[in-house]
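So this one's work.tsv, TSV, C-alpha atoms:
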chain	number	residue	atom	x	y	z
A	1	GLY	CA	3.85	-14.83	0.74
A	2	ALA	CA	0.11	-14.89	0.53
A	3	VAL	CA	-1.67	-14.78	-2.81
A	4	VAL	CA	-4.36	-12.14	-2.97
A	5	SER	CA	-6.73	-12.22	-5.90
A	6	GLN	CA	-8.74	-9.14	-6.73
A	7	HIS	CA	-11.55	-9.24	-9.26
A	8	PRO	CA	-12.26	-7.68	-11.64
A	9	SER	CA	-8.97	-6.08	-12.65
A	10	ARG	CA	-10.81	-3.52	-14.75
A	11	VAL	CA	-14.43	-2.43	-14.83
A	12	ILE	CA	-16.32	0.26	-16.68
A	13	CYS	CA	-19.77	1.11	-15.45
A	14	LYS	CA	-22.43	3.69	-16.13
A	15	SER	CA	-23.02	6.54	-13.75
A	16	GLY	CA	-25.64	5.64	-11.15
A	17	THR	CA	-24.98	1.92	-11.15
A	18	SER	CA	-23.26	-0.12	-8.44
A	19	VAL	CA	-20.07	-2.09	-8.80
A	20	LYS	CA	-18.76	-4.90	-6.61
A	21	ILE	CA	-15.06	-5.64	-6.26
A	22	GLU	CA	-13.93	-8.90	-4.69
A	23	CYS	CA	-10.77	-9.52	-2.76
A	24	ARG	CA	-9.85	-13.12	-2.05
A	25	SER	CA	-7.02	-14.45	0.04
A	26	LEU	CA	-6.25	-17.71	-1.73
A	27	ASP	CA	-3.90	-19.41	0.71
A	28	PHE	CA	-4.03	-17.32	3.83
A	29	GLN	CA	-6.52	-16.64	6.57
A	30	ALA	CA	-6.93	-12.89	6.54
A	31	THR	CA	-8.22	-11.72	9.87
A	32	THR	CA	-7.97	-8.14	8.68
A	33	MET	CA	-8.51	-6.69	5.24
A	34	PHE	CA	-7.89	-3.16	4.10
A	35	TRP	CA	-9.26	-1.23	1.15
A	36	TYR	CA	-7.27	1.53	-0.46
A	37	ARG	CA	-7.92	4.03	-3.19
A	38	GLN	CA	-5.15	5.36	-5.38
A	39	PHE	CA	-5.29	8.28	-7.79
A	40	PRO	CA	-2.84	8.46	-10.72
A	41	LYS	CA	0.72	9.07	-9.58
A	42	LYS	CA	-0.43	9.40	-5.99
A	43	SER	CA	-0.02	7.37	-2.86
A	44	LEU	CA	-2.43	4.85	-1.41
A	45	MET	CA	-5.23	6.29	0.64
A	46	LEU	CA	-6.74	3.97	3.23
A	47	MET	CA	-10.51	3.85	2.92
A	48	ALA	CA	-11.49	1.28	5.51
A	49	THR	CA	-10.36	-1.61	7.66
A	50	SER	CA	-12.46	-4.70	8.11
A	51	ASN	CA	-12.17	-7.65	10.44
A	52	GLU	CA	-13.86	-10.91	9.61
A	53	GLY	CA	-17.40	-11.02	10.87
A	54	SER	CA	-17.58	-7.45	12.06
A	55	LYS	CA	-18.44	-4.08	10.58
A	56	ALA	CA	-15.79	-2.17	8.72
A	57	THR	CA	-14.11	0.85	10.23
A	58	TYR	CA	-14.02	3.73	7.78
A	59	GLU	CA	-11.42	6.45	7.62
A	60	GLN	CA	-12.47	10.04	8.07
A	61	GLY	CA	-14.07	11.46	4.97
A	62	VAL	CA	-14.98	8.10	3.42
A	63	GLU	CA	-18.74	7.65	2.96
A	64	LYS	CA	-19.68	4.29	4.41
A	65	ASP	CA	-23.03	4.28	2.62
A	66	LYS	CA	-21.31	4.77	-0.70
A	67	PHE	CA	-18.48	2.30	-0.21
A	68	LEU	CA	-20.02	-0.81	1.30
A	69	ILE	CA	-17.54	-3.31	2.67
A	70	ASN	CA	-18.36	-6.87	3.62
A	71	HIS	CA	-15.82	-9.23	5.16
A	72	ALA	CA	-17.91	-12.35	5.38
A	73	SER	CA	-15.12	-14.89	5.76
A	74	LEU	CA	-11.41	-15.18	6.42
A	75	THR	CA	-10.77	-15.37	2.70
A	76	LEU	CA	-13.21	-12.93	1.12
A	77	SER	CA	-13.94	-9.24	1.37
A	78	THR	CA	-16.01	-7.20	-1.04
A	79	LEU	CA	-16.17	-3.50	-1.75
A	80	THR	CA	-19.34	-2.23	-3.40
A	81	VAL	CA	-19.32	1.23	-4.87
A	82	THR	CA	-22.96	2.26	-4.83
A	83	SER	CA	-24.50	4.76	-7.22
A	84	ALA	CA	-21.14	5.32	-8.83
A	85	HIS	CA	-20.25	8.68	-10.32
A	86	PRO	CA	-17.33	9.73	-12.53
A	87	GLU	CA	-15.47	11.10	-9.50
A	88	ASP	CA	-15.42	7.57	-8.07
A	89	SER	CA	-13.21	6.50	-10.97
A	90	SER	CA	-9.97	5.34	-9.42
A	91	PHE	CA	-7.67	2.40	-8.72
A	92	TYR	CA	-8.94	0.36	-5.77
A	93	ILE	CA	-6.58	-2.01	-3.98
A	94	CYS	CA	-7.22	-4.48	-1.20
A	95	SER	CA	-4.71	-5.72	1.32
A	96	VAL	CA	-4.82	-8.67	3.71
A	97	ARG	CA	-3.10	-9.40	6.95
A	98	GLY	CA	-3.04	-12.31	9.37
A	99	GLN	CA	-3.43	-11.83	13.09
A	100	GLY	CA	-0.22	-10.53	14.62
A	101	ALA	CA	1.56	-10.66	11.27
A	102	ASP	CA	3.98	-8.01	10.09
A	103	GLU	CA	3.51	-8.30	6.40
A	104	ALA	CA	0.54	-6.99	4.46
A	105	PHE	CA	-0.18	-8.61	1.11
A	106	PHE	CA	-1.80	-6.60	-1.65
A	107	GLY	CA	-4.13	-7.52	-4.47
A	108	GLN	CA	-3.36	-6.50	-8.03
A	109	GLY	CA	-5.90	-3.69	-7.92
A	110	THR	CA	-9.10	-2.84	-9.77
A	111	ARG	CA	-9.29	0.04	-12.22
A	112	LEU	CA	-12.82	1.48	-11.99
A	113	THR	CA	-13.99	3.85	-14.68
A	114	VAL	CA	-17.42	5.42	-14.32
A	115	VAL	CA	-18.82	6.89	-17.53
B	1	GLN	CA	2.11	13.21	13.50
B	2	GLN	CA	0.88	10.44	11.26
B	3	GLN	CA	2.76	11.65	8.20
B	4	VAL	CA	5.61	9.96	6.46
B	5	LYS	CA	7.53	12.30	4.18
B	6	GLN	CA	9.25	10.73	1.19
B	7	SER	CA	11.81	12.18	-1.19
B	8	PRO	CA	12.61	12.59	-3.99
B	9	GLN	CA	9.37	12.56	-5.98
B	10	SER	CA	11.21	11.13	-8.96
B	11	LEU	CA	14.64	9.77	-9.61
B	12	ILE	CA	16.62	8.87	-12.72
B	13	VAL	CA	19.59	6.56	-12.29
B	14	GLN	CA	21.96	5.00	-14.78
B	15	LYS	CA	22.03	1.22	-15.04
B	16	GLY	CA	24.45	-0.13	-12.47
B	17	GLY	CA	24.15	2.91	-10.25
B	18	ILE	CA	22.77	3.23	-6.74
B	19	SER	CA	19.22	4.47	-6.21
B	20	ILE	CA	18.55	6.13	-2.87
B	21	ILE	CA	15.12	7.06	-1.59
B	22	ASN	CA	14.60	8.72	1.77
B	23	CYS	CA	11.75	8.85	4.25
B	24	ALA	CA	11.21	10.73	7.49
B	25	TYR	CA	8.54	10.24	10.12
B	26	GLU	CA	7.28	12.10	13.16
B	27	ASN	CA	5.51	9.52	15.27
B	28	THR	CA	8.07	7.87	17.53
B	29	ALA	CA	5.55	5.13	18.28
B	30	PHE	CA	5.98	3.69	14.78
B	31	ASP	CA	7.70	0.32	15.03
B	32	TYR	CA	7.54	-1.22	11.57
B	33	PHE	CA	8.94	0.34	8.39
B	34	PRO	CA	8.34	-1.45	5.08
B	35	TRP	CA	9.16	-0.47	1.52
B	36	TYR	CA	6.86	-1.37	-1.33
B	37	GLN	CA	7.44	-1.54	-5.08
B	38	GLN	CA	4.58	-0.86	-7.45
B	39	PHE	CA	4.51	-1.33	-11.21
B	40	PRO	CA	1.91	0.54	-13.33
B	41	GLY	CA	-1.52	-0.99	-13.04
B	42	LYS	CA	-0.48	-3.40	-10.27
B	43	GLY	CA	-0.81	-3.53	-6.53
B	44	PRO	CA	2.19	-2.80	-4.29
B	45	ALA	CA	4.52	-5.64	-3.36
B	46	LEU	CA	6.65	-5.74	-0.24
B	47	LEU	CA	10.35	-5.34	-0.98
B	48	ILE	CA	11.95	-5.20	2.42
B	49	ALA	CA	11.03	-4.09	5.92
B	50	ILE	CA	12.79	-3.17	9.12
B	51	ARG	CA	12.03	-2.76	12.80
B	52	PRO	CA	13.66	0.00	14.86
B	53	ASP	CA	15.87	-2.37	16.85
B	54	VAL	CA	18.30	-2.65	13.94
B	55	SER	CA	20.04	0.06	11.93
B	56	GLU	CA	20.37	-1.77	8.64
B	57	LYS	CA	18.84	-4.67	6.79
B	58	LYS	CA	19.99	-6.06	3.49
B	59	GLU	CA	18.21	-8.40	1.11
B	60	GLY	CA	19.98	-8.94	-2.17
B	61	ARG	CA	20.45	-5.59	-3.89
B	62	PHE	CA	18.05	-3.81	-1.52
B	63	THR	CA	19.15	-2.28	1.76
B	64	ILE	CA	17.20	-0.33	4.35
B	65	SER	CA	19.16	2.06	6.55
B	66	PHE	CA	17.38	3.19	9.69
B	67	ASN	CA	18.29	6.13	11.90
B	68	LYS	CA	16.08	6.10	14.96
B	69	SER	CA	17.39	9.31	16.51
B	70	ALA	CA	16.85	11.24	13.28
B	71	LYS	CA	13.56	9.48	12.62
B	72	GLN	CA	14.64	8.68	9.10
B	73	PHE	CA	14.98	5.59	6.98
B	74	SER	CA	16.12	5.04	3.46
B	75	LEU	CA	16.09	2.47	0.69
B	76	HIS	CA	19.25	1.81	-1.28
B	77	ILE	CA	19.05	-0.16	-4.51
B	78	MET	CA	22.50	-1.31	-5.54
B	79	ASP	CA	23.40	-2.10	-9.15
B	80	SER	CA	20.11	-0.61	-10.32
B	81	GLN	CA	18.56	-2.30	-13.36
B	82	PRO	CA	15.97	-1.13	-15.90
B	83	GLY	CA	13.61	-3.71	-14.41
B	84	ASP	CA	13.75	-1.78	-11.14
B	85	SER	CA	11.94	1.11	-12.81
B	86	ALA	CA	8.76	1.44	-10.74
B	87	THR	CA	7.19	3.55	-8.03
B	88	TYR	CA	8.52	2.97	-4.54
B	89	PHE	CA	6.59	3.71	-1.37
B	90	CYS	CA	7.90	3.80	2.14
B	91	ALA	CA	5.47	3.19	4.93
B	92	ALA	CA	5.32	3.10	8.70
B	93	GLU	CA	3.00	1.79	11.31
B	94	ARG	CA	2.50	1.22	14.97
B	95	MET	CA	1.95	-2.50	15.08
B	96	GLU	CA	-0.48	-2.48	17.95
B	97	TYR	CA	-2.51	0.36	16.54
B	98	GLY	CA	-4.80	-1.57	14.24
B	99	ASN	CA	-1.94	-2.41	11.89
B	100	LYS	CA	-2.63	0.62	9.72
B	101	LEU	CA	0.15	1.47	7.33
B	102	VAL	CA	0.90	5.15	6.73
B	103	PHE	CA	2.37	5.56	3.27
B	104	GLY	CA	4.80	8.09	1.90
B	105	ALA	CA	3.92	9.96	-1.29
B	106	GLY	CA	5.98	7.65	-3.50
B	107	THR	CA	9.08	7.96	-5.67
B	108	ILE	CA	9.02	7.21	-9.37
B	109	LEU	CA	12.30	5.55	-10.24
B	110	ARG	CA	13.56	5.28	-13.78
B	111	VAL	CA	16.72	3.33	-14.48
B	112	LYS	CA	18.28	4.23	-17.81
B	113	SER	CA	20.02	1.50	-19.74
Hey, can you dump this file as structure tokens for me?
Amino acid sequence: GAVVSQHPSRVICKSGTSVKIECRSLDFQATTMFWYRQFPKKSLMLMATSNEGSKATYEQGVEKDKFLINHASLTLSTLTVTSAHPEDSSFYICSVRGQGADEAFFGQGTRLTVV
Amino acid sequence: QQQVKQSPQSLIVQKGGISIINCAYENTAFDYFPWYQQFPGKGPALLIAIRPDVSEKKEGRFTISFNKSAKQFSLHIMDSQPGDSATYFCAAERMEYGNKLVFGAGTILRVKS
């Protein structure tokens, strides 16, 4: 299967600062990338879907100005958490998919802690 | 109609036993049903998946049983091992509908040695 690299794996930032999380598809052209948020012992919550070269589609209730997503190429998507606050602390996971493909491949996740 | 209901929330199984996790869905348009395994601090990894044109799929110790009329599917882990201890998520999607997976709530499996 595809190798999806997510960086950083852990990040601690101060309240009010912005944090960028990268998701790279190392051996696979990801026409679609997904960003999820996961709280402890909870399921994955889809935040947004992005297709290469176009604007991301955000799920209801997700602030697009707070969670900026850029899918600039078939191998890279970034999630920027702007003006982070402690309530943004969570586990963020990206997922990639090829066009018409069944399987979604997940990154290893990023643990964000806002202090 | 987008929900996938998963049970049980947690499960303890003896080594060598069978672990069974169940999921039910409402949307009859769903046409892809994967199961994911997640270890603490890691992203989910696909275990096995099924499409509704078959009633069972087996890969090694993992089997998906699918009941289209009941709108239910289950994961069976045969000969469960301590290394299988993880959180398991079922999911469903309508392939043409933007490929968005709808996840169940997850089951925390602990296999006792």
Expected answer as a list in words: chain B residues within 7 Å of chain A, all atoms listed in the file: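 Those within range of chain A come out as Lys42, Gly43, Pro44, Ala45, Phe103, Gly104, Ala105 and Gly106 of chain B.
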Residue among B:Cys23, B:Val13, B:Leu101, B:Ile48 lying closest to B:Asp79, counting all atoms listed in the file: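 Distance minimum relative to B:Asp79 lands on B:Val13.
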Polymer residues at most 10 Å from B:Val54, only C-alpha atoms, same-chain spacing of 5 or more positions, as JSON, numbers by chain: {"B": [64, 65, 66, 67, 68]}
Two-atom distance - atom CA of B:Gln38, atom CA of B:Phe73 (Å):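 Those two atoms sit 18.9 Å apart.
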Point-to-point distance in Å for atom CA of A:Ala2 and atom CA of B:Pro82: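 A separation of 26.7 Å between them.
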d(atom CA of B:Tyr25, atom CA of B:Thr63) in Å: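 It comes out at 18.4 Å.
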Shell around B:Tyr88 at 6 Å using all atoms listed in the file, local window under 6 positions removed, as a ChimeraX atom specification: /B:36-37,106-107
Distance query A:Pro86 at most 12 Å, only C-alpha atoms, self and fewer than 6 positions along chain excluded, as a PDB file with C-alpha atoms, in the frame of the given file:
ATOM      1  CA  ILE A  12     -16.320   0.260 -16.680  1.00  0.00           C
ATOM      2  CA  CYS A  13     -19.770   1.110 -15.450  1.00  0.00           C
ATOM      3  CA  LYS A  14     -22.430   3.690 -16.130  1.00  0.00           C
ATOM      4  CA  SER A  15     -23.020   6.540 -13.750  1.00  0.00           C
ATOM      5  CA  GLY A  16     -25.640   5.640 -11.150  1.00  0.00           C
ATOM      6  CA  THR A  17     -24.980   1.920 -11.150  1.00  0.00           C
ATOM      7  CA  LEU A 112     -12.820   1.480 -11.990  1.00  0.00           C
ATOM      8  CA  THR A 113     -13.990   3.850 -14.680  1.00  0.00           C
ATOM      9  CA  VAL A 114     -17.420   5.420 -14.320  1.00  0.00           C
ATOM     10  CA  VAL A 115     -18.820   6.890 -17.530  1.00  0.00           C
TER      11      VAL A 115
END
Contact residues around stretch 70-79 of chain A with all atoms listed in the file at 8 Å, ignoring same-chain residues under 5 positions, as a count of residues only: 20
For A:Ser89, the nearest of the candidates A:Thr57, A:Met47, A:Ser18, A:Phe39, counting all atoms listed in the file: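 Once distances to A:Ser89 are computed over all atoms listed in the file, the minimum belongs to A:Phe39.
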Which residue of B:Ala49, B:Val102, B:Ala24, B:Ile12 approaches B:Ala86 most closely, using all atoms listed in the file: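 Among B:Ala49, B:Val102, B:Ala24, B:Ile12, it is B:Ile12 that comes nearest to B:Ala86.
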Spatial sel., origin (20.6, 6.7, -6.9), limit 12 Å, all atoms listed in the file, listed as a ChimeraX atom specification: /B:7-8,10-22,74-81,84-85,107-112
Selected residue, from A:Val62, A:Val11, A:Val96, A:Leu68, that lies nearest to A:Ser83 when counting only C-alpha atoms: A:Leu68
